[in-house]
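**Student:** The following file, work34.txt, comprises compact mmCIF, C-alpha atoms (C1' of nucleotides):
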```txt
# COMPACT_ATOMS: atom_id res chain seq x y z
CA MET A 2 -7.37 16.42 56.33
CA ALA A 3 -5.61 13.47 54.71
CA THR A 4 -3.89 14.03 51.37
CA SER A 5 -6.51 13.08 48.77
CA GLN A 6 -5.82 9.93 46.71
CA PRO A 7 -5.11 10.97 43.08
CA ARG A 8 -8.04 10.16 40.85
CA THR A 9 -5.79 8.12 38.58
CA SER A 10 -2.62 6.38 39.69
CA ARG A 11 0.48 6.57 37.59
CA ALA A 12 0.29 2.94 36.53
CA GLU A 13 -3.29 3.07 35.29
CA GLN A 14 -2.68 6.39 33.61
CA ARG A 15 0.15 4.78 31.71
CA GLN A 16 -2.00 1.89 30.61
CA LYS A 17 -4.81 4.20 29.56
CA THR A 18 -2.59 6.15 27.22
CA GLU A 19 -1.00 2.98 25.90
CA ASN A 20 -4.45 1.70 25.05
CA ARG A 21 -5.43 4.95 23.40
CA ILE A 22 -2.30 4.75 21.28
CA LEU A 23 -2.97 1.14 20.33
CA THR A 24 -6.56 1.89 19.38
CA ALA A 25 -5.55 4.86 17.28
CA ALA A 26 -2.78 2.87 15.63
CA ARG A 27 -5.15 0.04 14.77
CA ARG A 28 -7.68 2.38 13.24
CA LEU A 29 -5.18 4.39 11.26
CA PHE A 30 -3.14 1.45 10.00
CA ALA A 31 -6.37 -0.22 8.92
CA ASP A 32 -7.63 2.94 7.27
CA SER A 33 -4.53 4.12 5.49
CA GLY A 34 -1.97 1.31 5.50
CA TYR A 35 1.51 1.31 6.91
CA ASP A 36 3.15 3.95 4.77
CA ARG A 37 0.49 6.62 4.88
CA THR A 38 0.01 6.31 8.61
CA THR A 39 2.36 8.59 10.52
CA ILE A 40 3.47 8.42 14.13
CA ARG A 41 2.36 12.00 14.42
CA ALA A 42 -1.16 11.17 13.26
CA ILE A 43 -1.38 8.29 15.70
CA ALA A 44 -0.23 10.52 18.53
CA ALA A 45 -2.70 13.21 17.55
CA GLU A 46 -5.63 10.80 17.46
CA ALA A 47 -4.56 9.36 20.82
CA LYS A 48 -4.29 12.91 22.16
CA THR A 49 -0.68 12.48 23.14
CA ASP A 50 2.82 13.14 21.87
CA PRO A 51 4.82 11.46 19.08
CA GLY A 52 7.77 11.11 21.40
CA LEU A 53 5.68 9.16 23.85
CA VAL A 54 4.63 6.69 21.16
CA MET A 55 8.28 6.04 20.44
CA ARG A 56 9.11 5.66 24.11
CA TYR A 57 6.38 3.13 24.73
CA PHE A 58 6.63 1.09 21.56
CA GLY A 59 10.18 1.58 20.35
CA SER A 60 9.58 2.31 16.69
CA LYS A 61 6.89 2.52 14.06
CA LYS A 62 7.72 -0.98 12.87
CA GLU A 63 7.39 -2.50 16.31
CA LEU A 64 4.11 -0.75 16.90
CA PHE A 65 2.79 -2.06 13.60
CA ALA A 66 3.95 -5.59 14.36
CA LEU A 67 2.16 -5.43 17.70
CA VAL A 68 -1.06 -4.08 16.24
CA ALA A 69 -1.36 -5.96 12.99
CA GLU A 70 -1.10 -9.53 14.10
CA ILE A 71 -3.22 -11.90 12.06
CA ALA A 72 -5.43 -14.10 14.16
CA PRO A 73 -4.30 -17.64 13.29
CA ASP A 74 -6.95 -19.98 11.91
CA GLU A 75 -7.72 -23.17 13.75
CA PRO A 76 -6.20 -26.17 11.98
CA VAL A 77 -8.34 -27.95 9.42
CA THR A 78 -8.99 -31.65 10.02
CA GLY A 79 -11.52 -34.40 9.42
CA THR A 80 -13.15 -35.68 6.28
CA PRO A 81 -13.03 -33.55 3.14
CA GLU A 82 -16.66 -32.56 3.71
CA GLN A 83 -15.93 -31.51 7.27
CA ALA A 84 -12.89 -29.60 6.08
CA ALA A 85 -14.96 -27.71 3.54
CA GLU A 86 -17.56 -26.78 6.13
CA HIS A 87 -14.84 -25.71 8.51
CA LEU A 88 -13.30 -23.44 5.90
CA LEU A 89 -16.73 -21.99 5.16
CA THR A 90 -17.45 -21.09 8.78
CA SER A 91 -13.96 -19.68 9.03
CA LEU A 92 -14.79 -17.44 6.08
CA GLY A 93 -18.10 -16.52 7.68
CA ASP A 94 -16.28 -15.39 10.81
CA LYS A 95 -13.97 -13.19 8.81
CA LEU A 96 -16.91 -11.63 7.03
CA GLU A 97 -18.70 -10.91 10.27
CA ALA A 98 -15.74 -9.60 12.26
CA GLU A 99 -15.17 -5.89 12.27
CA PRO A 100 -12.47 -5.12 9.78
CA SER A 101 -10.04 -3.01 11.79
CA ALA A 102 -7.69 -5.70 13.06
CA THR A 103 -7.16 -7.76 9.93
CA LEU A 104 -7.59 -4.91 7.50
CA ALA A 105 -4.45 -3.23 8.79
CA MET A 106 -2.44 -6.22 7.69
CA LEU A 107 -4.29 -6.72 4.43
CA ARG A 108 -4.00 -3.08 3.50
CA SER A 109 -0.31 -3.01 4.18
CA MET A 110 0.36 -6.38 2.62
CA LEU A 111 0.90 -4.99 -0.82
CA THR A 112 3.52 -2.46 0.12
CA HIS A 113 5.05 -3.40 3.46
CA PRO A 114 7.26 -6.43 2.76
CA GLU A 115 7.05 -7.77 6.29
CA ALA A 116 3.28 -7.60 6.16
CA ALA A 117 3.26 -9.43 2.84
CA LYS A 118 5.29 -12.22 4.35
CA GLU A 119 2.93 -12.39 7.31
CA VAL A 120 -0.16 -12.66 5.12
CA ARG A 121 1.50 -15.18 2.89
CA ALA A 122 2.53 -17.24 5.92
CA ALA A 123 -1.00 -17.17 7.33
CA VAL A 124 -2.56 -18.32 4.07
CA THR A 125 0.14 -20.87 3.36
CA ASN A 126 -0.20 -22.28 6.84
CA GLN A 127 -3.90 -22.92 6.48
CA GLN A 128 -3.29 -24.11 2.93
CA ARG A 129 -0.83 -26.74 4.07
CA ASP A 130 -2.98 -28.64 6.51
CA ALA A 131 -6.06 -28.11 4.39
CA ALA A 132 -4.26 -29.81 1.53
CA ALA A 133 -3.47 -32.75 3.79
CA ALA A 134 -7.19 -33.36 4.27
CA PHE A 135 -7.97 -33.18 0.57
CA PRO A 136 -7.90 -36.12 -1.83
CA GLY A 137 -6.10 -35.98 -5.16
CA ASP A 138 -2.60 -35.00 -6.22
CA ASP A 139 -3.29 -31.33 -6.95
CA ALA A 140 -4.54 -30.86 -3.41
CA VAL A 141 -2.06 -28.07 -2.74
CA LEU A 142 -3.29 -26.05 -5.70
CA ARG A 143 -6.91 -26.52 -4.71
CA ALA A 144 -6.21 -25.58 -1.09
CA GLY A 145 -4.35 -22.51 -2.30
CA LEU A 146 -7.29 -21.58 -4.45
CA ILE A 147 -9.61 -21.78 -1.45
CA GLY A 148 -7.27 -19.46 0.40
CA ALA A 149 -7.22 -17.07 -2.54
CA LEU A 150 -11.00 -17.12 -2.86
CA THR A 151 -11.35 -16.43 0.85
CA LEU A 152 -8.96 -13.54 0.57
CA GLY A 153 -10.79 -12.12 -2.42
CA THR A 154 -14.15 -12.35 -0.71
CA VAL A 155 -12.92 -10.58 2.43
CA LEU A 156 -11.24 -7.91 0.32
CA GLY A 157 -14.32 -7.46 -1.83
CA ARG A 158 -16.49 -6.95 1.22
CA HIS A 159 -14.39 -4.86 3.57
CA LEU A 160 -12.01 -3.05 1.30
CA LEU A 161 -13.64 -2.63 -2.08
CA ARG A 162 -17.11 -2.68 -0.50
CA LEU A 163 -18.65 -4.11 -3.64
CA ASP A 164 -22.37 -3.82 -4.21
CA GLY A 165 -24.19 -6.75 -2.69
CA LEU A 166 -21.08 -8.08 -1.00
CA ARG A 167 -20.88 -5.00 1.18
CA ASP A 168 -24.01 -5.60 3.22
CA ALA A 169 -25.09 -9.15 2.52
CA PRO A 170 -25.44 -11.37 5.61
CA PRO A 171 -22.41 -13.66 5.92
CA GLU A 172 -24.61 -16.74 5.74
CA ALA A 173 -25.89 -15.72 2.33
CA ILE A 174 -22.34 -15.48 1.07
CA THR A 175 -21.16 -18.74 2.57
CA ALA A 176 -24.28 -20.45 1.25
CA LEU A 177 -23.46 -19.26 -2.27
CA LEU A 178 -19.84 -20.36 -1.95
CA ARG A 179 -20.69 -23.76 -0.48
CA PRO A 180 -20.86 -25.66 -3.79
CA CYS A 181 -17.73 -23.84 -4.77
CA PHE A 182 -15.74 -24.99 -1.75
CA HIS A 183 -17.02 -28.54 -1.88
CA ALA A 184 -16.12 -28.81 -5.54
CA LEU A 185 -12.60 -27.63 -4.79
CA VAL A 186 -12.22 -29.96 -1.85
CA ASP A 187 -13.32 -32.99 -3.86
CA GLY A 188 -11.26 -31.90 -6.84
CA GLU A 189 -13.80 -32.35 -9.58
CA ALA A 190 -12.76 -30.22 -12.51
CA GLU A 191 -15.21 -29.87 -15.38
CA HIS A 192 -14.52 -29.57 -19.03
CA ALA A 193 -15.59 -26.50 -20.94
CA ALA A 194 -19.29 -26.35 -21.60
CA ASP A 195 -20.04 -25.76 -25.24
CA GLY A 196 -22.59 -23.14 -24.26
CA GLN A 197 -25.15 -24.43 -26.79
CA ARG A 198 -27.40 -27.40 -26.18
CA MET B 11 32.44 16.37 -46.64
CA ALA B 12 28.72 16.72 -45.74
CA THR B 13 27.80 17.24 -42.08
CA SER B 14 27.09 13.74 -40.74
CA GLN B 15 23.46 12.96 -39.81
CA PRO B 16 23.22 12.56 -36.00
CA ARG B 17 22.84 8.91 -35.02
CA THR B 18 19.62 9.77 -33.14
CA SER B 19 17.34 12.65 -33.98
CA ARG B 20 15.95 14.82 -31.24
CA ALA B 21 12.42 13.50 -31.66
CA GLU B 22 13.34 9.86 -31.40
CA GLN B 23 15.71 10.54 -28.52
CA ARG B 24 12.84 12.16 -26.69
CA GLN B 25 10.59 9.19 -27.28
CA LYS B 26 13.26 6.76 -26.24
CA THR B 27 13.71 8.39 -22.86
CA GLU B 28 9.99 8.74 -22.41
CA ASN B 29 9.65 5.03 -22.98
CA ARG B 30 12.48 4.23 -20.58
CA ILE B 31 10.75 6.32 -17.94
CA LEU B 32 7.41 4.65 -18.56
CA THR B 33 8.94 1.18 -18.38
CA ALA B 34 10.77 1.98 -15.17
CA ALA B 35 7.64 3.54 -13.69
CA ARG B 36 5.55 0.50 -14.57
CA ARG B 37 8.06 -1.85 -12.99
CA LEU B 38 8.57 0.16 -9.84
CA PHE B 39 4.92 0.99 -9.24
CA ALA B 40 4.11 -2.69 -9.71
CA ASP B 41 6.92 -3.77 -7.42
CA SER B 42 6.56 -1.30 -4.61
CA GLY B 43 3.22 0.46 -4.95
CA TYR B 44 2.52 4.15 -5.30
CA ASP B 45 3.85 5.47 -2.01
CA ARG B 46 7.13 3.58 -1.85
CA THR B 47 8.00 4.38 -5.46
CA THR B 48 9.86 7.67 -5.74
CA ILE B 49 10.35 9.88 -8.74
CA ARG B 50 14.04 9.72 -7.97
CA ALA B 51 14.07 5.94 -8.16
CA ILE B 52 12.17 5.97 -11.45
CA ALA B 53 14.63 8.47 -12.89
CA ALA B 54 17.57 6.42 -11.67
CA GLU B 55 16.25 3.22 -13.23
CA ALA B 56 15.53 5.06 -16.47
CA LYS B 57 19.03 6.50 -16.34
CA THR B 58 17.81 10.05 -16.43
CA ASP B 59 16.97 12.95 -14.14
CA PRO B 60 14.04 13.47 -11.74
CA GLY B 61 13.46 16.90 -13.18
CA LEU B 62 12.98 15.42 -16.61
CA VAL B 63 10.34 13.04 -15.35
CA MET B 64 8.43 16.00 -13.99
CA ARG B 65 8.81 17.94 -17.21
CA TYR B 66 7.52 15.13 -19.36
CA PHE B 67 4.72 13.84 -17.19
CA GLY B 68 3.75 16.76 -15.00
CA SER B 69 3.62 15.11 -11.62
CA LYS B 70 3.92 11.78 -9.89
CA LYS B 71 0.14 11.40 -9.82
CA GLU B 72 -0.19 12.01 -13.55
CA LEU B 73 2.57 9.55 -14.31
CA PHE B 74 0.88 6.95 -12.17
CA ALA B 75 -2.48 7.54 -13.79
CA LEU B 76 -0.87 7.10 -17.20
CA VAL B 77 0.93 3.91 -16.28
CA ALA B 78 -1.57 2.14 -14.08
CA GLU B 79 -4.59 2.02 -16.31
CA ILE B 80 -6.65 -1.10 -15.89
CA ALA B 81 -7.41 -2.83 -19.17
CA PRO B 82 -11.21 -2.81 -19.34
CA ASP B 83 -12.91 -6.20 -19.65
CA GLU B 84 -15.10 -6.89 -22.64
CA PRO B 85 -18.78 -6.76 -21.72
CA VAL B 86 -20.44 -9.99 -20.63
CA THR B 87 -23.45 -11.14 -22.65
CA GLY B 88 -25.32 -14.22 -23.80
CA THR B 89 -26.84 -17.09 -21.88
CA PRO B 90 -25.77 -17.67 -18.29
CA GLU B 91 -23.57 -20.55 -19.40
CA GLN B 92 -21.88 -18.41 -22.02
CA ALA B 93 -21.42 -15.66 -19.46
CA ALA B 94 -19.73 -18.07 -17.06
CA GLU B 95 -17.36 -19.31 -19.75
CA HIS B 96 -16.62 -15.77 -20.77
CA LEU B 97 -15.71 -14.83 -17.21
CA LEU B 98 -13.53 -17.91 -16.96
CA THR B 99 -11.50 -17.11 -20.06
CA SER B 100 -11.26 -13.53 -18.85
CA LEU B 101 -9.74 -14.87 -15.64
CA GLY B 102 -7.44 -17.12 -17.63
CA ASP B 103 -6.14 -14.12 -19.54
CA LYS B 104 -5.40 -12.26 -16.35
CA LEU B 105 -3.52 -15.25 -15.00
CA GLU B 106 -1.46 -15.58 -18.13
CA ALA B 107 -0.63 -11.92 -18.63
CA GLU B 108 2.57 -10.62 -17.18
CA PRO B 109 1.78 -8.94 -13.93
CA SER B 110 3.48 -5.56 -14.31
CA ALA B 111 0.65 -3.53 -15.78
CA THR B 112 -2.24 -4.57 -13.59
CA LEU B 113 -0.16 -5.22 -10.51
CA ALA B 114 0.73 -1.56 -10.20
CA MET B 115 -2.91 -0.74 -9.74
CA LEU B 116 -3.67 -3.68 -7.51
CA ARG B 117 -0.72 -3.00 -5.27
CA SER B 118 -1.60 0.63 -4.87
CA MET B 119 -5.30 -0.03 -4.52
CA LEU B 120 -5.13 -0.45 -0.78
CA THR B 121 -3.36 2.79 -0.02
CA HIS B 122 -3.83 5.17 -2.94
CA PRO B 123 -7.45 6.30 -2.79
CA GLU B 124 -7.65 7.09 -6.48
CA ALA B 125 -6.37 3.64 -7.33
CA ALA B 126 -8.93 2.07 -5.01
CA LYS B 127 -11.70 3.92 -6.83
CA GLU B 128 -10.32 2.75 -10.17
CA VAL B 129 -10.20 -0.91 -9.14
CA ARG B 130 -13.62 -0.69 -7.60
CA ALA B 131 -14.98 0.89 -10.77
CA ALA B 132 -13.45 -1.81 -12.95
CA VAL B 133 -14.90 -4.63 -10.87
CA THR B 134 -18.26 -2.93 -10.42
CA ASN B 135 -18.48 -2.31 -14.13
CA GLN B 136 -18.02 -5.96 -15.03
CA GLN B 137 -20.27 -6.91 -12.13
CA ARG B 138 -23.11 -4.81 -13.43
CA ASP B 139 -23.51 -6.28 -16.85
CA ALA B 140 -22.67 -9.74 -15.60
CA ALA B 141 -25.56 -9.47 -13.16
CA ALA B 142 -27.85 -8.57 -16.03
CA ALA B 143 -27.12 -11.91 -17.67
CA PHE B 144 -27.73 -13.90 -14.49
CA PRO B 145 -31.07 -15.31 -13.38
CA GLY B 146 -32.41 -14.81 -9.86
CA ASP B 147 -32.88 -11.79 -7.63
CA ASP B 148 -29.52 -11.92 -5.85
CA ALA B 149 -27.72 -11.71 -9.20
CA VAL B 150 -25.79 -8.62 -8.13
CA LEU B 151 -24.36 -10.37 -5.09
CA ARG B 152 -23.39 -13.42 -7.12
CA ALA B 153 -21.78 -11.31 -9.83
CA GLY B 154 -19.90 -9.39 -7.15
CA LEU B 155 -18.69 -12.65 -5.69
CA ILE B 156 -17.33 -13.72 -9.05
CA GLY B 157 -15.47 -10.44 -9.25
CA ALA B 158 -14.07 -10.95 -5.77
CA LEU B 159 -13.02 -14.52 -6.50
CA THR B 160 -11.29 -13.39 -9.67
CA LEU B 161 -9.48 -10.69 -7.76
CA GLY B 162 -8.42 -13.15 -5.06
CA THR B 163 -7.12 -15.62 -7.60
CA VAL B 164 -5.05 -13.03 -9.42
CA LEU B 165 -3.71 -11.69 -6.13
CA GLY B 166 -2.91 -15.17 -4.89
CA ARG B 167 -0.95 -15.95 -8.01
CA HIS B 168 0.92 -12.76 -8.83
CA LEU B 169 1.21 -11.03 -5.51
CA LEU B 170 1.21 -13.63 -2.77
CA ARG B 171 2.68 -16.22 -5.12
CA LEU B 172 1.01 -19.05 -3.24
CA ASP B 173 2.29 -22.59 -3.62
CA GLY B 174 0.59 -24.31 -6.51
CA LEU B 175 -1.14 -21.16 -7.67
CA ARG B 176 2.18 -19.56 -8.47
CA ASP B 177 3.16 -21.82 -11.35
CA ALA B 178 0.08 -23.78 -12.29
CA PRO B 179 -1.01 -23.45 -15.92
CA PRO B 180 -3.96 -21.08 -16.19
CA GLU B 181 -6.12 -23.78 -17.74
CA ALA B 182 -5.71 -25.94 -14.65
CA ILE B 183 -6.93 -23.10 -12.48
CA THR B 184 -9.87 -22.17 -14.67
CA ALA B 185 -10.80 -25.84 -14.92
CA LEU B 186 -10.93 -26.09 -11.14
CA LEU B 187 -12.98 -22.92 -10.84
CA ARG B 188 -15.41 -23.87 -13.61
CA PRO B 189 -17.98 -25.63 -11.37
CA CYS B 190 -17.58 -22.72 -9.01
CA PHE B 191 -18.43 -20.06 -11.58
CA HIS B 192 -21.28 -22.04 -13.06
CA ALA B 193 -22.80 -22.58 -9.64
CA LEU B 194 -22.63 -18.84 -8.95
CA VAL B 195 -24.09 -17.95 -12.32
CA ASP B 196 -27.03 -20.28 -11.87
CA GLY B 197 -27.51 -19.26 -8.26
CA GLU B 198 -27.85 -22.64 -6.67
CA ALA B 199 -27.02 -22.29 -2.98
CA GLU B 200 -26.71 -25.46 -0.92
CA HIS B 201 -27.67 -26.04 2.65
CA ALA B 202 -25.05 -27.00 5.20
CA ALA B 203 -23.91 -30.59 4.94
CA ASP B 204 -24.19 -32.34 8.26
CA GLY B 205 -20.76 -33.84 7.74
CA GLN B 206 -21.91 -37.27 9.00
CA ARG B 207 -23.79 -39.69 6.86
C1' DA C 20 9.40 15.77 54.27
C1' DC C 21 12.36 14.60 50.74
C1' DA C 22 14.53 12.41 46.94
C1' DC C 23 13.41 9.97 43.01
C1' DT C 24 11.07 7.77 39.34
C1' DG C 25 8.69 8.04 35.32
C1' DA C 26 4.59 10.16 32.45
C1' DG C 27 4.08 13.77 29.46
C1' DT C 28 5.84 17.86 26.61
C1' DC C 29 8.74 20.48 23.50
C1' DA C 30 12.14 21.50 20.19
C1' DA C 31 15.22 19.90 17.10
C1' DC C 32 17.76 16.68 14.20
C1' DA C 33 19.00 14.28 9.73
C1' DG C 34 17.19 12.37 5.83
C1' DA C 35 14.01 11.77 2.02
C1' DC C 36 10.51 13.40 -0.64
C1' DG C 37 8.00 16.09 -4.72
C1' DT C 38 8.79 19.85 -7.26
C1' DA C 39 10.69 24.38 -9.40
C1' DG C 40 13.96 26.93 -11.82
C1' DA C 41 18.27 28.25 -13.81
C1' DC C 42 21.70 26.56 -16.73
C1' DT C 43 24.24 23.98 -20.77
C1' DG C 44 24.74 22.32 -25.18
C1' DA C 45 23.34 19.87 -29.24
C1' DG C 46 19.79 19.50 -33.15
C1' DC C 47 17.13 22.15 -36.30
C1' DG C 48 14.78 25.77 -39.35
C1' DT C 49 15.94 29.57 -41.94
C1' DA D 18 26.13 30.57 -40.46
C1' DC D 19 23.13 32.14 -37.01
C1' DG D 20 19.68 31.94 -33.53
C1' DC D 21 16.04 29.44 -31.57
C1' DT D 22 14.21 25.27 -29.44
C1' DC D 23 14.34 21.84 -26.36
C1' DA D 24 16.55 17.36 -24.19
C1' DG D 25 19.12 16.82 -20.36
C1' DT D 26 21.60 18.27 -15.86
C1' DC D 27 22.24 20.48 -11.44
C1' DT D 28 21.04 22.85 -7.35
C1' DA D 29 17.97 24.16 -4.16
C1' DC D 30 13.57 25.02 -1.76
C1' DG D 31 9.94 23.74 1.44
C1' DT D 32 7.71 20.07 3.65
C1' DC D 33 7.11 15.92 5.99
C1' DT D 34 8.97 11.89 8.05
C1' DG D 35 10.89 8.82 12.10
C1' DT D 36 13.45 9.47 15.89
C1' DT D 37 16.22 11.66 19.82
C1' DG D 38 17.26 14.26 23.85
C1' DA D 39 16.50 17.61 27.29
C1' DC D 40 13.10 19.44 30.18
C1' DT D 41 8.86 19.75 33.61
C1' DC D 42 6.26 18.16 37.24
C1' DA D 43 2.97 15.12 39.65
C1' DG D 44 2.84 10.46 42.05
C1' DT D 45 5.40 7.29 45.02
C1' DG D 46 8.59 4.82 48.37
C1' DT D 47 11.01 5.66 52.44
```
Hey, can you dump this file as structure tokens for me?
**Tutor:**
Amino acid sequence: MATSQPRTSRAEQRQKTENRILTAARRLFADSGYDRTTIRAIAAEAKTDPGLVMRYFGSKKELFALVAEIAPDEPVTGTPEQAAEHLLTSLGDKLEAEPSATLAMLRSMLTHPEAAKEVRAAVTNQQRDAAAAFPGDDAVLRAGLIGALTLGTVLGRHLLRLDGLRDAPPEAITALLRPCFHALVDGEAEHAADGQR
Amino acid sequence: MATSQPRTSRAEQRQKTENRILTAARRLFADSGYDRTTIRAIAAEAKTDPGLVMRYFGSKKELFALVAEIAPDEPVTGTPEQAAEHLLTSLGDKLEAEPSATLAMLRSMLTHPEAAKEVRAAVTNQQRDAAAAFPGDDAVLRAGLIGALTLGTVLGRHLLRLDGLRDAPPEAITALLRPCFHALVDGEAEHAADGQR
DNA sequence: ACACTGAGTCAACAGACGTAGACTGAGCGT
DNA sequence: ACGCTCAGTCTACGTCTGTTGACTCAGTGT
């Protein structure tokens, strides 16, 4: 009888464990942030050995960098109105997407300096070419504000899980923020209402 | 000759070191978050001993709880327009205040579970009685959004230090967000603009 | 069939951490 | 003047961390 083919070759076995490690790392980094996530915990969840994680990915930092990449936003162009709508759909996507990938970065942003730089770069990047499409001389500030509002909304939904925000359909949220975004794009600041008519 | 009075009594010496520890703890927790801040580092910055920190404040957790209290917002009341203005000035205050106190909590919110609960409680609290002042049936969602936007703005300014947001006068920011807040208070959602006229 | 490569395991390292406890000496009540 | 109290210091324990190296053994090329 011929020697039976092994049910899993070495190469695919390797990739399977690599994937298990990556999945575990994503989940744990997203759940607990960079500092509180240990190589040992990742290995345990991936049903493998801490030493193997090191061998495959070099170090904890490298593994984090690999796992916690922020998906870059498409550049913002067109008329101010188009830009606003683009930013709104972009927000809608982030609200719909499952949190694990981006949350790892957001959670670690406040403590892990490299992560903070990454988040800042991502927001600043989108801010820059958004500002180019905006009218007015405080365009940079207004674009930054849109970035900050987006960040706050995502955080409020996925991380703080605020009432209402937690389970509202993304369209409901973007619909509510639409006047908000358009106002910021056009740059129409209002004076204080006197609150009494 | 009479025995000379000591230049610092025991009681005031005690309070002086306690204050040095508290100041150092505030700064370090705000700068590096709960996990990355060590008792040893706090003691070093306060020019004292780790053991003393333990003796005075019990444990790292207790010290953090003492230092990272979130200043509660005043309750929101009045007409919707008044509520919106109230929330705007509240935001303005947070933008003006020096970051150290609140930043400690915000920075730790993503990793320290207790801190996350505290932040969530603070936002939810303000959200609840803001929603009561709002018209419409999705008032909770809209109030939550205002909380999220506020959070994002503060984070964008003090933590990410975004261009424009970093050094803009608070009034400029609140002025830009005024139409935003009023729209959310009144609950007027817009349909998608078709972007072509 | 045989040597070798590489996946997976195990044990151990050095360092940092929170925390506990013994010790010293100066301020204070009596 | 004497003894207690307590601020401040020092050392050490136990644990957990990232990381390393030696070891085992099944899959693979020749």
**Student:** Would you please work out which residue, of B:Arg30, B:His192, B:Arg37, B:Arg130, is nearest to chain A when using only C-alpha atoms?
**Tutor:** B:Arg130
**Student:** With distances taken over all atoms listed in the file, which residue among A:Arg56, A:His87, A:His113, A:Lys95 lies nearest Ala134 in chain A?
**Tutor:** A:His87
**Student:** Find the spatial neighbours of Thr58 in chain B, counting all atoms listed in the file, within a cut-off of 10 Å - ignore same-chain residues fewer than 2 positions away - and output them as a compact mmCIF listing (two decimals) with C-alpha atoms (C1' of nucleotides), keeping the file's coordinate frame.
**Tutor:**
```
# COMPACT_ATOMS: atom_id res chain seq x y z
CA THR B 27 13.71 8.39 -22.86
CA GLU B 28 9.99 8.74 -22.41
CA ARG B 30 12.48 4.23 -20.58
CA ILE B 31 10.75 6.32 -17.94
CA ARG B 50 14.04 9.72 -7.97
CA ALA B 51 14.07 5.94 -8.16
CA ILE B 52 12.17 5.97 -11.45
CA ALA B 53 14.63 8.47 -12.89
CA ALA B 54 17.57 6.42 -11.67
CA GLU B 55 16.25 3.22 -13.23
CA ALA B 56 15.53 5.06 -16.47
CA PRO B 60 14.04 13.47 -11.74
CA GLY B 61 13.46 16.90 -13.18
CA LEU B 62 12.98 15.42 -16.61
CA VAL B 63 10.34 13.04 -15.35
C1' DG D 25 19.12 16.82 -20.36
C1' DT D 26 21.60 18.27 -15.86
```
**Student:** Which residue is closest to chain C? Choose from A:Phe65, A:Tyr57, A:Phe135, A:Tyr35 and count all atoms listed in the file.
**Tutor:**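 Of the candidates, the smallest distance to chain C is held by A:Tyr57.
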**Student:** For CA of Asp32 in chain A and CA of Ala105 in chain A, determine how far apart the two atoms are, in Å to one decimal place.
**Tutor:**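 About the pair CA of Asp32 in chain A and CA of Ala105 in chain A: they are 7.1 Å apart.
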**Student:** Output the contact residues of chain B with respect to chain C at a cut-off of 10 Å, based on only C-alpha atoms (C1' of nucleotides), as a PyMOL selection string.
**Tutor:** chain B and resi 16+18-21+48-50+60-61+64+68-70
**Student:** Would you work out the distance separating CA of Val77 in chain A from CA of Asp138 in chain A, expressed in Å to one decimal?
**Tutor:**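 Computing the Euclidean distance for CA of Val77 in chain A and CA of Asp138 in chain A yields 18.1 Å.
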